[in-house]
Amino acid sequence: MTRLVYDETFEGLLTALFQVYDERLQQVAIVPVSAFQPDFFAEDIKVFTDASKADRVWQGLKPFSHLQQLIYRSYLREASGAENKILEAVRYVLKTKNEKDYGHPAVLQLADWTKEVGREKHRMEAFVRFKRAKDNTYLAVIEPDFNVLPLIAKHFKNRYADQVFMIYDLKRDYGIYYDLKKVDFVNLEAVNLKNLNAITHEEEIFYDQMWQDYFKSTGIKSRINKKLHLRHVPRRYWKYLNEKNPH
């Protein structure tokens with residue numbers, strides 16, 4: 001058994017898929033680095049994430065746009081073993097050219113995960129609540145079951161196009177920040193946001209002080225981490241994230 005150990009990024013996963021086909025690996029498993037444990041009977045290979053290889057895989061899957069969505073949303077589902085279900089589904093679809101054969105266990109599993117992620121996306125879009133600072137910046141703290149921030153960014157950008165806002169995922173320690181022009185991914189390691197949702201209208205002066213002390217002293221741009229790959233995919237993949245019915 002060959003095990004491809006990848007960095008848990010979406011491009012890393014696509015690079016691993018590339019490696020499976022490029023090296024014609026048959027008995028293979030894709031393992032996230034956080035779940036890796038040595039196995040004396042396995043040959044372990046570290047996957048070096050390569051954007052060009054990832055793009056080749058993504059372009060190769062372009063005729064199967066439904067499968068692309070299943071892959072991406074299943075990745076966001078963060079389920080144990082998702083990488084190998086994705087590999088199994090890719091192999092099946094490329095062989096049969098049938099991306100909607102829900103009689104196949106792997107395709108069905110990806111479709112189920114996709115529906116779960118879609119429901120969580122809609123739940124977040126409906127229930128996110130913002131706190132407003134005196135400078136009219138809006139901040140919301142969420143802890144979604146799945147990694148749906150990349151999926152809800154467009155909704156909130158369109159809905160609040162004339163407002164500066166940030167939505168922060170406490171569970172995954174990153175957020176999206178909209179500056180009236182574009183959405184960026186941000187990481188705010190130094191800020192304790194855990195109690196923000198408990199702040200009442202009367203207590204928002206506390207949030208204002210936090211905002212002034214931290215964000216204004218450091219500048220939000222200094223907290224924009226362009227290399228936040230572990231929790232989202234590059235912008236060029238976003239066009240594939242529109243809502244579709246998996247069945």
# chains A, B, ... in the order shown; residues from 1 in each chain; ligands from 1
>>> residues_around(residues="Ala106 of chain A", least_positions_apart="3", cutoff="7 Å", atoms="only C-alpha atoms", output="list in words")
Lys85, Glu88, Ala89, Gln109 and Leu110 of chain A
>>> residues_around(residues="segment 65-77 of chain A", least_positions_apart="6", cutoff="6 Å", atoms="only C-alpha atoms", output="list in words")
Glu99, Leu110, Trp113, Thr114, Phe146 and Asn147 of chain A
>>> closest_residue(among="A:Gln19, A:Asn84, A:Asn136, A:Gln27", to="Lys53 of chain A", atoms="only C-alpha atoms")
A:Gln19
>>> residues_around(residues="Asp179 of chain A", least_positions_apart="2", cutoff="8 Å", atoms="only C-alpha atoms", output="PyMOL selection string")
chain A and resi 163-165+177+181-183
>>> residues_around(residues="Glu143 of chain A", least_positions_apart="2", cutoff="12 Å", atoms="only C-alpha atoms", output="short mmCIF file (atom, residue, chain, number, x, y, z; two decimals) with N, CA and C atoms, in the first residue's frame")
data_model
loop_
_atom_site.label_atom_id
_atom_site.label_comp_id
_atom_site.auth_asym_id
_atom_site.auth_seq_id
_atom_site.Cartn_x
_atom_site.Cartn_y
_atom_site.Cartn_z
N GLU A 120 -25.72 23.53 5.78
CA GLU A 120 -24.99 24.38 6.73
C GLU A 120 -24.72 25.76 6.15
N LYS A 121 -24.45 25.81 4.85
CA LYS A 121 -24.27 27.10 4.17
C LYS A 121 -25.52 27.96 4.33
N ARG A 123 -27.88 27.67 6.51
CA ARG A 123 -28.11 27.99 7.92
C ARG A 123 -27.28 29.20 8.34
N MET A 124 -26.02 29.22 7.92
CA MET A 124 -25.16 30.35 8.26
C MET A 124 -25.66 31.63 7.59
N PHE A 127 -28.64 32.86 9.71
CA PHE A 127 -28.56 33.13 11.14
C PHE A 127 -27.33 33.91 11.59
N VAL A 128 -26.44 34.27 10.69
CA VAL A 128 -25.30 35.10 11.10
C VAL A 128 -25.82 36.45 11.58
N ALA A 140 -19.08 39.42 12.86
CA ALA A 140 -19.86 38.27 13.32
C ALA A 140 -18.91 37.12 13.61
N VAL A 141 -19.21 36.39 14.67
CA VAL A 141 -18.43 35.22 15.05
C VAL A 141 -19.30 33.98 14.88
N ASP A 145 -20.65 23.82 11.63
CA ASP A 145 -20.26 22.41 11.69
C ASP A 145 -19.23 22.08 10.62
N PHE A 146 -19.34 22.74 9.47
CA PHE A 146 -18.43 22.47 8.35
C PHE A 146 -17.78 23.77 7.90
N ASN A 147 -16.79 23.66 7.06
CA ASN A 147 -15.99 24.82 6.64
C ASN A 147 -16.68 25.56 5.50
N VAL A 148 -17.70 26.34 5.85
CA VAL A 148 -18.54 26.95 4.81
C VAL A 148 -18.23 28.42 4.53
N LEU A 149 -17.25 29.00 5.20
CA LEU A 149 -16.95 30.41 4.95
C LEU A 149 -16.75 30.73 3.47
N ILE A 167 -16.58 38.20 8.99
CA ILE A 167 -17.21 37.02 9.61
C ILE A 167 -16.07 36.08 9.99
N TYR A 168 -16.01 35.73 11.25
CA TYR A 168 -14.87 34.95 11.75
C TYR A 168 -15.33 33.58 12.25
N ASP A 169 -14.65 32.54 11.77
CA ASP A 169 -14.93 31.16 12.17
C ASP A 169 -14.00 30.81 13.32
N LEU A 170 -14.55 30.75 14.53
CA LEU A 170 -13.73 30.46 15.70
C LEU A 170 -13.15 29.06 15.66
N LYS A 171 -13.94 28.11 15.17
CA LYS A 171 -13.51 26.72 15.18
C LYS A 171 -12.28 26.50 14.30
N ARG A 172 -12.21 27.22 13.19
CA ARG A 172 -11.12 27.04 12.23
C ARG A 172 -10.13 28.20 12.24
N ASP A 173 -10.39 29.19 13.05
CA ASP A 173 -9.48 30.31 13.30
C ASP A 173 -9.11 31.08 12.04
N TYR A 174 -10.11 31.41 11.26
CA TYR A 174 -9.90 32.33 10.14
C TYR A 174 -11.23 32.99 9.80
N GLY A 175 -11.16 34.06 9.02
CA GLY A 175 -12.39 34.76 8.68
C GLY A 175 -12.34 35.34 7.29
N LEU A 193 -12.25 36.33 20.54
CA LEU A 193 -13.59 36.66 20.05
C LEU A 193 -14.66 35.74 20.62
N LYS A 194 -14.27 34.84 21.51
CA LYS A 194 -15.19 33.79 21.93
C LYS A 194 -16.46 34.32 22.60
N ASN A 197 -20.49 36.89 20.75
CA ASN A 197 -21.91 36.66 20.49
C ASN A 197 -22.78 36.92 21.72
#
>>> atom_distance(atom1="atom CA of Tyr138 of chain A", atom2="atom CA of Leu151 of chain A")
19.0 Å
>>> closest_residue(among="A:Ile86, A:Leu4, A:Ala126, A:Leu188", to="Ile45 of chain A", atoms="only C-alpha atoms")
A:Leu4
>>> residues_around(residues="Arg3 of chain A", least_positions_apart="4", cutoff="12 Å", atoms="only C-alpha atoms", output="ChimeraX atom specification")
/A:16-17,19-20,25-33,35-47,83-84
>>> select_by_dssp(residues="segment 8-54 of chain A", states="strand (DSSP E)", output="list of chain:residue names")
A:Val28, A:Ala29, A:Ile30, A:Val31, A:Pro32, A:Glu43, A:Asp44, A:Ile45, A:Lys46
